[in-house]
file final_19.txt (compact mmCIF, C-alpha atoms)
# COMPACT_ATOMS: atom_id res chain seq x y z
CA MET B 36 2.02 14.08 -1.88
CA PRO B 37 1.16 17.48 -3.44
CA SER B 38 3.31 18.34 -6.41
CA ASP B 39 4.21 21.78 -5.02
CA ARG B 40 5.79 20.42 -1.86
CA ARG B 41 8.56 22.63 -0.52
CA ARG B 42 11.81 21.78 1.20
CA ARG B 43 12.14 24.12 4.14
CA SER B 44 14.37 24.53 7.15
CA TRP B 45 12.95 23.82 10.59
CA GLY B 46 13.09 27.52 11.41
CA GLY B 47 11.17 28.36 8.23
CA LEU B 48 8.35 26.06 9.22
CA ALA B 49 7.82 27.99 12.41
CA VAL B 50 5.74 30.52 10.46
CA ALA B 51 3.18 27.87 9.50
CA ALA B 52 -0.11 27.13 11.20
CA ALA B 53 1.81 24.90 13.61
CA ALA B 54 4.12 27.73 14.65
CA ALA B 55 4.05 27.13 18.38
CA PHE B 56 4.66 23.42 17.99
CA LEU B 57 7.46 23.81 15.49
CA ALA B 58 9.17 26.59 17.38
CA GLY B 59 9.24 24.25 20.35
CA CYS B 60 11.48 21.92 18.42
CA GLY B 61 14.11 24.62 18.35
CA ASP B 62 14.21 25.43 22.07
CA GLY B 63 13.06 22.12 23.52
CA ASP B 64 10.43 23.48 25.94
CA ALA B 65 7.11 23.79 24.04
CA PHE B 66 4.85 20.72 24.40
CA GLY B 67 7.69 18.88 26.12
CA LEU B 68 9.64 18.51 22.90
CA ARG B 69 13.33 17.77 22.91
CA PRO B 70 15.63 19.48 20.40
CA PHE B 71 16.92 17.49 17.47
CA ASP B 72 20.49 16.18 17.47
CA ASP B 73 20.91 18.04 14.18
CA PRO B 74 20.80 21.79 14.97
CA THR B 75 19.38 22.66 11.52
CA PRO B 76 17.02 19.85 10.49
CA GLU B 77 14.99 20.26 7.31
CA CYS B 78 11.34 19.55 6.75
CA ASP B 79 10.16 18.39 3.32
CA LEU B 80 6.51 19.39 3.76
CA ASP B 81 4.27 22.21 2.60
CA PRO B 82 3.64 24.32 5.75
CA ALA B 83 0.17 25.26 4.48
CA TRP B 84 -1.09 21.82 5.53
CA LEU B 85 0.60 21.56 8.92
CA SER B 86 -1.52 21.88 12.05
CA ASP B 87 -0.91 21.77 15.76
CA GLY B 88 -3.21 19.05 17.07
CA GLY B 89 -3.31 20.74 20.46
CA VAL B 90 -2.34 17.71 22.53
CA GLY B 91 1.45 18.01 22.53
CA ARG B 92 3.98 15.29 22.05
CA ASP B 93 2.84 12.06 23.74
CA GLY B 94 -0.40 13.79 24.74
CA ILE B 95 -1.97 10.81 22.98
CA PRO B 96 -0.06 7.93 24.59
CA ALA B 97 1.16 5.21 22.26
CA LEU B 98 1.05 1.64 23.56
CA THR B 99 4.00 -0.73 23.84
CA ASP B 100 3.45 -4.50 24.00
CA PRO B 101 -0.16 -4.07 25.15
CA LEU B 102 -2.33 -6.57 26.94
CA LEU B 103 -3.46 -9.35 24.56
CA VAL B 104 -6.67 -11.18 25.42
CA PRO B 105 -8.84 -13.80 23.71
CA ILE B 106 -11.52 -12.51 21.34
CA SER B 107 -13.99 -14.92 22.95
CA PRO B 108 -15.56 -15.42 25.46
CA THR B 109 -16.54 -11.95 26.65
CA ILE B 110 -14.46 -10.69 29.57
CA PRO B 111 -14.04 -7.15 30.98
CA ALA B 112 -10.86 -6.56 28.95
CA ASN B 113 -12.66 -7.20 25.61
CA ALA B 114 -16.24 -6.23 26.46
CA PHE B 115 -15.84 -2.69 25.09
CA VAL B 116 -15.96 -3.86 21.44
CA ARG B 117 -19.28 -4.38 19.68
CA ASP B 118 -19.68 -6.58 16.62
CA THR B 119 -20.21 -3.48 14.48
CA ASP B 120 -17.01 -1.76 15.66
CA ARG B 121 -14.03 -1.95 13.32
CA VAL B 122 -10.74 -3.69 14.02
CA ILE B 123 -7.31 -3.60 12.38
CA ALA B 124 -5.67 -7.01 12.03
CA ALA B 125 -1.91 -7.39 11.65
CA ARG B 126 0.41 -10.39 11.73
CA LEU B 127 2.66 -10.75 14.74
CA GLY B 128 4.87 -13.72 13.91
CA ALA B 129 2.54 -16.50 12.81
CA GLU B 130 -0.46 -15.03 14.64
CA TRP B 131 -3.05 -12.47 13.60
CA ILE B 132 -3.68 -9.84 16.27
CA ALA B 133 -6.84 -7.70 16.13
CA ILE B 134 -6.59 -4.11 17.35
CA PRO B 135 -9.98 -2.41 17.77
CA HIS B 136 -10.49 1.11 16.48
CA ASN B 137 -11.81 1.72 19.99
CA ILE B 138 -8.27 1.29 21.33
CA MET B 139 -6.76 3.35 18.52
CA TRP B 140 -9.13 6.28 19.05
CA ARG B 141 -7.20 6.97 22.26
CA HIS B 142 -3.72 5.64 21.46
CA GLU B 143 -3.23 5.77 17.64
CA ILE B 144 0.06 3.79 17.75
CA VAL B 145 0.85 0.32 19.07
CA ASN B 146 4.46 -0.92 19.15
CA PHE B 147 5.10 -4.66 19.30
CA ASN B 148 8.56 -5.84 20.38
CA GLY B 149 8.55 -9.53 19.61
CA ARG B 150 11.75 -11.53 19.43
CA GLU B 151 11.46 -11.78 15.64
CA ASP B 152 8.95 -9.07 14.74
CA ARG B 153 9.37 -5.47 15.85
CA ILE B 154 6.49 -3.70 14.20
CA VAL B 155 4.26 -0.69 14.71
CA VAL B 156 0.54 -0.59 13.91
CA THR B 157 -0.92 2.88 13.45
CA PHE B 158 -4.36 4.42 13.04
CA CYS B 159 -5.32 8.05 12.56
CA PRO B 160 -8.95 8.59 13.62
CA LEU B 161 -9.09 11.91 11.77
CA THR B 162 -8.20 10.41 8.38
CA GLY B 163 -9.50 6.87 8.96
CA SER B 164 -6.16 5.41 7.86
CA ALA B 165 -4.68 2.18 9.22
CA LEU B 166 -1.11 1.14 8.36
CA ALA B 167 1.58 -1.11 9.83
CA PHE B 168 5.33 -0.87 9.42
CA GLY B 169 8.51 -2.74 10.22
CA ARG B 170 10.89 -0.71 12.37
CA ALA B 171 14.27 -1.95 11.12
CA ALA B 172 14.95 1.35 9.31
CA ILE B 173 14.94 3.17 12.66
CA ASN B 174 17.04 0.58 14.53
CA ASP B 175 13.84 -0.98 15.90
CA ALA B 176 13.10 2.22 17.84
CA GLU B 177 9.49 2.86 18.73
CA MET B 178 7.06 5.29 17.15
CA ARG B 179 5.11 7.79 19.21
CA VAL B 180 2.46 10.50 18.63
CA SER B 181 4.00 13.93 17.92
CA GLY B 182 0.84 16.02 18.33
CA LEU B 183 1.43 17.55 14.90
CA LEU B 184 -0.81 16.89 11.89
CA TYR B 185 -0.20 17.04 8.16
CA HIS B 186 -3.33 17.17 5.96
CA SER B 187 -5.12 16.32 9.25
CA ASN B 188 -3.10 13.09 9.38
CA LEU B 189 -1.12 11.73 12.32
CA MET B 190 2.55 12.77 12.41
CA MET B 191 4.60 10.13 14.20
CA TYR B 192 8.06 10.59 15.65
CA ASP B 193 10.71 7.95 16.23
CA THR B 194 12.43 7.57 19.58
CA ASP B 195 15.79 6.92 17.93
CA ARG B 196 16.59 10.27 16.29
CA GLY B 197 13.37 12.23 16.66
CA SER B 198 12.40 12.58 13.00
CA PHE B 199 8.76 13.20 12.10
CA TRP B 200 6.82 10.84 9.84
CA PRO B 201 3.38 11.54 8.28
CA GLN B 202 1.59 8.25 8.79
CA MET B 203 0.03 8.06 5.33
CA LEU B 204 3.45 8.48 3.70
CA GLY B 205 5.40 6.10 5.94
CA GLU B 206 8.44 8.27 5.28
CA ALA B 207 10.42 10.71 7.43
CA ARG B 208 9.83 14.26 6.25
CA CYS B 209 11.31 16.29 9.11
CA GLY B 210 14.60 15.86 10.91
CA PRO B 211 17.75 13.79 10.46
CA ARG B 212 16.03 10.79 8.85
CA THR B 213 14.25 12.81 6.15
CA GLY B 214 13.79 10.60 3.07
CA THR B 215 13.96 7.31 4.98
CA ARG B 216 11.06 4.95 4.32
CA LEU B 217 9.60 2.33 6.62
CA GLU B 218 8.80 -1.17 5.38
CA ARG B 219 5.05 -1.45 4.85
CA LEU B 220 3.30 -4.48 6.30
CA ALA B 221 -0.12 -5.73 5.31
CA VAL B 222 -3.12 -5.03 7.50
CA VAL B 223 -6.75 -6.07 7.06
CA GLU B 224 -9.59 -4.00 8.48
CA MET B 225 -13.17 -5.14 9.09
CA THR B 226 -15.93 -5.32 11.70
CA MET B 227 -15.28 -7.10 14.98
CA GLY B 228 -18.10 -9.53 14.26
CA GLY B 229 -16.62 -10.27 10.85
CA TRP B 230 -13.15 -10.91 12.28
CA ARG B 231 -14.52 -13.10 15.06
CA SER B 232 -16.33 -15.27 12.51
CA LEU B 233 -13.01 -15.92 10.74
CA HIS B 234 -10.77 -16.18 13.81
CA PRO B 235 -12.91 -17.21 16.80
CA ASP B 236 -9.86 -18.46 18.69
CA GLY B 237 -7.73 -15.38 17.95
CA ARG B 238 -6.41 -12.69 20.25
CA MET B 239 -6.90 -8.95 20.37
CA VAL B 240 -5.52 -5.91 22.17
CA GLY B 241 -7.58 -5.52 25.31
CA ALA B 242 -8.37 -2.54 27.49
CA PRO B 243 -5.01 -1.61 29.07
CA GLY B 244 -6.47 -1.39 32.58
CA GLY B 245 -8.90 -4.28 32.22
CA PHE B 246 -12.11 -3.80 34.16
CA ASP B 247 -11.11 -0.33 35.38
CA ASP B 248 -10.52 1.09 31.90
CA TRP B 249 -12.80 -0.68 29.45
CA ARG B 250 -15.56 1.94 29.62
CA LEU B 251 -13.11 4.53 28.23
CA TYR B 252 -13.10 2.64 24.93
CA VAL B 253 -16.82 2.23 24.34
CA ARG B 254 -17.57 5.57 22.69
CA ASN B 255 -15.73 7.37 19.90
CA PRO B 256 -14.33 10.57 21.50
CA TYR B 257 -14.51 12.31 18.09
CA GLY B 258 -18.31 12.05 18.13
CA ASP B 259 -20.87 9.56 16.90
CA ASP B 260 -21.26 11.31 13.55
CA TYR B 261 -17.58 12.02 12.83
CA GLU B 262 -17.29 9.06 10.44
CA ASP B 263 -20.52 9.81 8.54
CA LEU B 264 -19.41 9.65 4.93
CA HIS B 265 -20.95 13.06 4.10
CA ASN B 266 -19.36 14.79 7.10
CA GLY B 267 -16.70 17.05 5.60
CA ASP B 268 -15.48 18.34 8.97
CA PHE B 269 -11.93 17.35 9.96
CA LEU B 270 -12.22 19.26 13.25
CA GLY B 271 -11.00 22.40 11.53
CA PHE B 272 -7.52 21.06 10.78
CA ALA B 273 -5.94 21.93 7.45
CA ILE B 274 -6.50 19.46 4.63
CA ALA B 275 -6.55 19.81 0.83
CA ARG B 276 -9.99 19.37 -0.72
CA ASP B 277 -9.07 19.34 -4.40
CA ASP B 278 -10.87 16.11 -5.36
CA ASP B 279 -14.60 15.77 -4.66
CA ARG B 280 -15.52 12.75 -6.73
CA LEU B 281 -16.53 10.86 -3.59
CA PRO B 282 -18.07 11.91 -0.26
CA PRO B 283 -15.39 13.25 2.11
CA LYS B 284 -15.36 10.29 4.47
CA GLU B 285 -16.25 7.44 2.18
CA ARG B 286 -13.77 4.68 2.87
CA VAL B 287 -11.53 3.58 0.03
CA LEU B 288 -9.04 0.77 -0.36
CA GLY B 289 -6.14 2.58 -1.98
CA LEU B 290 -2.75 1.87 -3.47
CA PRO B 291 -0.20 4.72 -3.76
CA ARG B 292 1.70 5.53 -6.93
CA SER B 293 3.84 2.50 -7.70
CA ALA B 294 7.58 2.30 -8.22
CA ALA B 295 6.90 1.43 -11.86
CA GLY B 296 4.92 4.64 -12.32
CA SER B 297 1.35 3.34 -12.09
CA PRO B 298 -0.91 6.17 -10.84
CA PRO B 299 -2.54 5.92 -7.42
CA LEU B 300 -5.58 3.65 -7.48
CA ALA B 301 -8.59 3.54 -5.17
CA PHE B 302 -11.58 1.23 -4.78
CA SER B 303 -14.45 3.01 -3.05
CA PHE B 304 -16.46 1.01 -0.54
CA GLY B 305 -19.67 2.38 -2.05
CA ALA B 306 -18.82 1.17 -5.55
CA MET B 307 -17.73 -2.24 -4.28
CA ARG B 308 -20.83 -2.56 -2.12
CA SER B 309 -23.00 -2.06 -5.20
CA GLN B 310 -21.53 -5.24 -6.69
CA GLY B 311 -22.95 -7.53 -4.02
CA GLU B 312 -21.95 -9.12 -0.73
CA HIS B 313 -18.88 -10.77 -2.26
CA ALA B 314 -17.00 -9.37 -5.25
CA VAL B 315 -13.57 -9.51 -6.84
CA PHE B 316 -11.95 -6.87 -9.05
CA PRO B 317 -8.88 -7.68 -11.18
CA PHE B 318 -6.32 -4.95 -11.85
CA THR B 319 -2.60 -4.47 -12.47
CA TYR B 320 -0.32 -2.75 -9.98
CA ASP B 321 3.40 -2.19 -10.44
CA ASN B 322 3.15 -4.45 -13.51
CA ILE B 323 1.80 -7.28 -11.32
CA PRO B 324 -1.65 -8.88 -11.90
CA ALA B 325 -3.70 -8.39 -8.75
CA ILE B 326 -7.21 -8.54 -7.33
CA ALA B 327 -9.20 -6.53 -4.81
CA ILE B 328 -11.57 -8.62 -2.70
CA TRP B 329 -14.74 -7.12 -1.24
CA ASP B 330 -16.78 -8.63 1.61
CA GLY B 331 -19.90 -6.60 2.33
CA SER B 332 -20.96 -8.69 5.31
CA ARG B 333 -17.70 -7.77 7.06
CA GLU B 334 -17.38 -4.25 5.55
CA ALA B 335 -13.89 -5.15 4.37
CA ALA B 336 -11.64 -4.99 1.32
CA MET B 337 -8.04 -6.00 0.65
CA ALA B 338 -5.71 -6.42 -2.37
CA TYR B 339 -3.70 -9.52 -3.30
CA ARG B 340 -1.60 -10.92 -6.11
CA SER B 341 -3.80 -13.00 -8.42
CA GLU B 342 -1.85 -16.21 -8.00
CA ILE B 343 -1.93 -19.45 -6.07
CA ARG B 344 1.36 -21.11 -5.10
CA GLY B 345 3.09 -18.75 -7.52
CA GLU B 346 0.86 -19.72 -10.47
CA PRO B 347 -1.36 -17.08 -12.07
CA THR B 348 -5.08 -17.72 -11.82
CA ARG B 349 -8.43 -15.99 -12.06
CA PHE B 350 -10.93 -15.49 -9.26
CA ALA B 351 -14.72 -15.25 -9.19
CA ALA B 352 -17.16 -14.25 -6.46
CA GLY B 353 -18.70 -17.14 -4.52
CA ALA B 354 -21.23 -17.55 -1.72
CA GLU B 355 -18.63 -17.38 1.08
CA GLY B 356 -15.81 -15.40 -0.53
CA VAL B 357 -13.93 -15.56 -3.82
CA VAL B 358 -13.02 -18.79 -5.61
CA ASP B 359 -9.80 -19.37 -7.51
CA GLU B 360 -10.01 -21.11 -10.88
CA LEU B 361 -6.81 -23.11 -10.34
CA THR B 362 -7.77 -25.14 -7.23
CA GLY B 363 -11.42 -24.30 -6.57
CA THR B 364 -10.58 -23.00 -3.09
CA THR B 365 -12.77 -20.28 -1.55
CA TRP B 366 -10.82 -17.41 0.02
CA ALA B 367 -11.97 -14.91 2.64
CA VAL B 368 -11.21 -11.20 2.46
CA ASP B 369 -8.28 -11.67 4.88
CA GLY B 370 -6.61 -14.01 2.39
CA THR B 371 -7.29 -17.25 4.29
CA PRO B 372 -8.95 -20.31 2.69
CA VAL B 373 -12.42 -21.07 4.09
CA ALA B 374 -13.59 -23.89 1.80
CA GLY B 375 -12.10 -26.23 -0.75
CA PRO B 376 -8.87 -28.21 -1.14
CA LEU B 377 -6.48 -25.67 0.45
CA THR B 378 -8.52 -25.23 3.64
CA GLY B 379 -6.44 -26.03 6.70
CA THR B 380 -3.12 -26.05 4.82
CA GLY B 381 -1.91 -22.76 6.26
CA ARG B 382 -1.65 -21.22 2.80
CA THR B 383 -2.76 -17.64 2.34
CA LEU B 384 -3.12 -15.26 -0.55
CA ARG B 385 -0.14 -12.94 -1.01
CA PRO B 386 -1.22 -9.42 0.01
CA LEU B 387 -0.15 -6.15 -1.54
CA ALA B 388 1.28 -4.55 1.59
CA GLU B 389 1.01 -1.08 0.02
CA ALA B 390 -2.81 -1.26 0.11
CA TYR B 391 -4.62 0.41 2.98
CA VAL B 392 -7.99 1.88 3.91
CA ALA B 393 -8.58 5.60 4.50
CA PHE B 394 -11.26 8.26 4.14
CA TRP B 395 -11.47 9.69 0.61
CA THR B 396 -10.58 13.35 1.21
CA PRO B 397 -7.28 12.62 3.01
CA TRP B 398 -6.49 9.83 0.55
CA ALA B 399 -6.87 12.26 -2.35
CA ALA B 400 -4.83 14.91 -0.51
CA PHE B 401 -1.88 12.56 -0.11
CA HIS B 402 -2.31 10.83 -3.48
CA PRO B 403 -3.33 13.39 -6.13
CA GLY B 404 -4.16 12.00 -9.53
CA THR B 405 -5.82 8.90 -8.07
CA ARG B 406 -7.81 6.80 -10.53
CA LEU B 407 -11.08 5.41 -9.20
CA ALA B 408 -10.83 1.79 -10.22
CA LEU B 409 -14.51 1.02 -10.66
CA ASP B 410 -15.57 4.03 -12.71
CA GLY B 411 -12.27 5.05 -14.30
CA THR B 412 -12.68 8.74 -13.58
CA ALA B 413 -9.75 11.12 -13.22
CA PRO B 414 -9.69 14.03 -10.75
CA SER B 415 -12.39 16.73 -11.19
CA GLU B 416 -14.34 14.73 -13.79
CA ARG B 417 -17.25 13.90 -11.50
CA ARG B 418 -18.50 15.07 -8.12
CA TRP B 419 -20.13 12.89 -5.53
CA TRP B 420 -23.14 15.17 -5.07
CA ASP B 421 -23.92 14.87 -8.81
CA ARG B 422 -24.29 11.11 -8.43
CA ARG B 423 -26.58 10.85 -5.41

call {"tool": "encode", "arguments": {"input": "final_19.txt", "output": "structure tokens"}}
result
Amino acid sequence: MPSDRRRRSWGGLAVAAAAAFLAGCGDGDAFGLRPFDDPTPECDLDPAWLSDGGVGRDGIPALTDPLLVPISPTIPANAFVRDTDRVIAARLGAEWIAIPHNIMWRHEIVNFNGREDRIVVTFCPLTGSALAFGRAAINDAEMRVSGLLYHSNLMMYDTDRGSFWPQMLGEARCGPRTGTRLERLAVVEMTMGGWRSLHPDGRMVGAPGGFDDWRLYVRNPYGDDYEDLHNGDFLGFAIARDDDRLPPKERVLGLPRSAAGSPPLAFSFGAMRSQGEHAVFPFTYDNIPAIAIWDGSREAAMAYRSEIRGEPTRFAAGAEGVVDELTGTTWAVDGTPVAGPLTGTGRTLRPLAEAYVAFWTPWAAFHPGTRLALDGTAPSERRWWDRR
């Protein structure tokens, strides 16, 4: 979050770039917005980075308890996903559920209302950021798409009290719940082909309308070149561009500033890719020894505690994943054992739930002062175009 953030009244924000949207929150008629219960809610955001996304509240329809279908074999409800498309995997109870980016391009938020797990999985196509949260802090209310953006990032709203939540912060910053944080849950992101190779019998979110709708999810509505790592266009929406050490849309696995004061940390996909198909990178986060695992074949990275059954251990890259020194088990990037003595036991590596993947420019906008883990540079020390 920028250091010069300002605490402003709702009325004061109406002079920002999102004036029409914000003014609607006062009278309840613009974009179909309802007024807040609190007649004078405050917004703890810098108005310079607010934008009206142009779709209105619920103009991008969130999903609730969507259709779940097998990953294999191919059927109309899953045929829209290619092996090279990316998916977000989150745990729902004891089961991993894969949610294709293709679905999230058009819905951005999926609420699951299981008997034990009431979670929300979110993806902002503009910022390339995928996060999941528990909903207990909002009385298990659902999250929806507000139509407002902050640093080009999805602003969610809760259906309980109507507060607004920048997705990459996971914290209410406008309305009666300002300052409330959601519990972060671990997600793993990779290619569909990579996920299928690890979980061939798993399930995924299918096309909501089955055969009638699946063609809607084949093509990225933001354009085929939107995610090109050198494409600095965020569709004209406001975003800080103060840190140009990496290409604007290079993906990074990042960890925000920790409670213990560790600075934000990011592992760029490009730097990890240069280390080979499988690589492991030890680091310390919040005073806890940890590792980042890279899998180039699946275009995936995730962070875990460097321990097995609570015992500290070291890891090294192997032919199929990373191997722990304690038991000799090989672990995949999703934290599951794929070879060795712990295969089939149900044990998994313990993830750092704070870790998530995003494009570099929005990551740096939300997390100034980020240290690039694999080259150690601080902001403004190096620029990506000097290193090509």

call {"tool": "residues_around", "arguments": {"input": "final_19.txt", "residues": "segment 124-136 of chain B", "least_positions_apart": "2", "cutoff": "7 Å", "atoms": "all atoms listed in the file", "output": "list in words"}}
result
Arg121, Val122, Ile138, Met139, Trp140, Asp152, Ala221, Val222, Val223, Glu224, Arg238, Met239 and Val240 of chain B

call {"tool": "closest_residue", "arguments": {"input": "final_19.txt", "among": "B:Gly237, B:Arg196, B:His142, B:Arg333", "to": "Leu251 of chain B", "atoms": "only C-alpha atoms"}}
result
B:His142

call {"tool": "atom_distance", "arguments": {"input": "final_19.txt", "atom1": "atom CA of Ala273 of chain B", "atom2": "atom CA of Leu161 of chain B"}}
result
11.4 Å

call {"tool": "atom_distance", "arguments": {"input": "final_19.txt", "atom1": "atom CA of Phe318 of chain B", "atom2": "atom CA of Gly169 of chain B"}}
result
26.7 Å

call {"tool": "residues_around", "arguments": {"input": "final_19.txt", "residues": "Asp321 of chain B", "least_positions_apart": "3", "cutoff": "7 Å", "atoms": "only C-alpha atoms", "output": "list in words"}}
result
Ser293, Ala294, Ala295 and Ser297 of chain B

call {"tool": "atom_distance", "arguments": {"input": "final_19.txt", "atom1": "atom CA of His186 of chain B", "atom2": "atom CA of Gly94 of chain B"}}
result
19.3 Å
